[in-house]
Amino acid sequence: MIPNKSSFKFQELTPITGVKPYVIRYWETEFSEISPITSDSGQKIYARKDLEAILKIKKLLFEDKMTIPEARIKMSSTELEEGASIRGEFSSVDSNQARVKIEDILNQIKEIRSKRNW
């Protein structure tokens with residue numbers, strides 16, 4: 001269960017998520033959904049959305065047994081779906097941003113296909 005807070009320090013993540021610190025640091029490089037800010041003292045501060053993203057990535061990788069590229073695609077498609085539902089319809093999403101996301105997803109699919117010889 002996520003504590004009722006809006007921000008979390010790095011040290012708080014492991015007990016909440018059950019994910020080791022070095023894994024969280026690696027996921028930050030692989031998933032744009034995790035984007036902590038750095039405080040003036042140099043400490044990473046994670047928003048609630050970052051913590052929720054870590055939990056979702058953990059589920060995709062550990063429970064659903066997805067690869068990182070597959071999880072990236074799933075996270076991107078979920079983000080697009082949520083953005084579209086929040087705005088009411090997909091056409092209201094900035095077209096350039098949507099194009100970049102789609103190109104990224106297509107590149108990730110090509111990468112998965114080439115690795116698996118599909």
# chains A, B, ... in the order shown; residues from 1 in each chain; ligands from 1

$ residues_around --residues "Thr38 (chain A)" --least-positions-apart "5" --cutoff "12 Å" --atoms "only C-alpha atoms" --output "ChimeraX atom specification"
/A:7-10,43-47

$ residues_around --residues "Glu70 (chain A)" --least-positions-apart "5" --cutoff "9 Å" --atoms "only C-alpha atoms" --output "PDB file with N, CA and C atoms, in the first residue's frame"
ATOM      1  N   LEU A  60       4.773  -5.647 -14.497  1.00  0.00           N
ATOM      2  CA  LEU A  60       4.981  -6.061 -15.886  1.00  0.00           C
ATOM      3  C   LEU A  60       6.193  -6.969 -16.020  1.00  0.00           C
ATOM      4  N   LEU A  61       7.280  -6.635 -15.342  1.00  0.00           N
ATOM      5  CA  LEU A  61       8.510  -7.413 -15.480  1.00  0.00           C
ATOM      6  C   LEU A  61       8.504  -8.697 -14.655  1.00  0.00           C
ATOM      7  N   MET A  75       3.921   0.470 -21.138  1.00  0.00           N
ATOM      8  CA  MET A  75       3.847   1.718 -20.378  1.00  0.00           C
ATOM      9  C   MET A  75       3.502   2.885 -21.297  1.00  0.00           C
ATOM     10  N   GLN A 108      10.529   0.028 -30.974  1.00  0.00           N
ATOM     11  CA  GLN A 108      10.651  -0.992 -29.927  1.00  0.00           C
ATOM     12  C   GLN A 108      10.101  -2.328 -30.418  1.00  0.00           C
ATOM     13  N   ILE A 109       9.020  -2.300 -31.181  1.00  0.00           N
ATOM     14  CA  ILE A 109       8.462  -3.534 -31.743  1.00  0.00           C
ATOM     15  C   ILE A 109       9.461  -4.169 -32.706  1.00  0.00           C
ATOM     16  N   ILE A 112      12.166  -5.869 -30.725  1.00  0.00           N
ATOM     17  CA  ILE A 112      11.705  -7.150 -30.152  1.00  0.00           C
ATOM     18  C   ILE A 112      11.633  -8.214 -31.237  1.00  0.00           C
TER      19      ILE A 112
END

$ atom_distance --atom1 "CA of Ile2 (chain A)" --atom2 "CA of Arg72 (chain A)"
22.7 Å

$ closest_residue --among "A:Lys56, A:Lys5, A:Arg48, A:Lys110" --to "Trp27 (chain A)" --atoms "only C-alpha atoms"
A:Lys56

$ closest_residue --among "A:Lys101, A:Pro36, A:Thr29, A:Ser41" --to "Leu13 (chain A)" --atoms "only C-alpha atoms"
A:Pro36

$ residues_around --residues "Lys49 (chain A)" --least-positions-apart "6" --cutoff "10 Å" --atoms "only C-alpha atoms" --output "JSON, numbers by chain"
{"A": [6, 7, 33, 34, 35, 36, 55]}

$ select_by_dssp --residues "chain A" --states "alpha helix (DSSP H)" --output "ChimeraX atom specification"
/A:10-17,21-30,48-58,68-87,95-116

$ select_by_dssp --residues "chain A" --states "strand (DSSP E or B)" --output "JSON, numbers by chain"
{"A": [7, 8, 9, 37, 38, 44, 45, 46, 47]}

$ write_last_selection --atoms "N, CA and C atoms" --output "tab-separated table (two decimals), in the first residue's frame"
chain	number	residue	atom	x	y	z
A	7	SER	N	5.18	13.08	-2.14
A	7	SER	CA	6.57	12.89	-2.56
A	7	SER	C	7.29	11.94	-1.62
A	8	PHE	N	8.32	11.30	-2.18
A	8	PHE	CA	9.04	10.27	-1.44
A	8	PHE	C	10.54	10.42	-1.68
A	9	LYS	N	11.33	10.16	-0.65
A	9	LYS	CA	12.78	10.14	-0.79
A	9	LYS	C	13.19	8.78	-1.32
A	37	ILE	N	12.90	14.39	-9.26
A	37	ILE	CA	13.60	15.68	-9.27
A	37	ILE	C	14.71	15.60	-8.23
A	38	THR	N	15.70	16.44	-8.40
A	38	THR	CA	16.80	16.48	-7.44
A	38	THR	C	16.65	17.73	-6.60
A	44	LYS	N	17.34	12.75	-4.43
A	44	LYS	CA	16.26	12.50	-5.39
A	44	LYS	C	14.93	12.48	-4.66
A	45	ILE	N	13.95	13.17	-5.24
A	45	ILE	CA	12.60	13.19	-4.70
A	45	ILE	C	11.66	12.63	-5.78
A	46	TYR	N	10.88	11.64	-5.40
A	46	TYR	CA	9.98	10.97	-6.33
A	46	TYR	C	8.55	11.39	-6.05
A	47	ALA	N	7.83	11.72	-7.11
A	47	ALA	CA	6.41	12.05	-6.99
A	47	ALA	C	5.62	10.75	-6.86

$ closest_residue --among "A:Asp40, A:Ser76, A:Asn96, A:Leu51" --to "Glu12 (chain A)" --atoms "only C-alpha atoms"
A:Leu51

$ atom_distance --atom1 "CA of Glu52 (chain A)" --atom2 "CA of Arg113 (chain A)"
28.7 Å

$ atom_distance --atom1 "CA of Arg116 (chain A)" --atom2 "CA of Arg99 (chain A)"
25.7 Å

$ closest_residue --among "A:Glu63, A:Lys74, A:Pro69, A:Ile102" --to "Lys115 (chain A)" --atoms "only C-alpha atoms"
A:Pro69
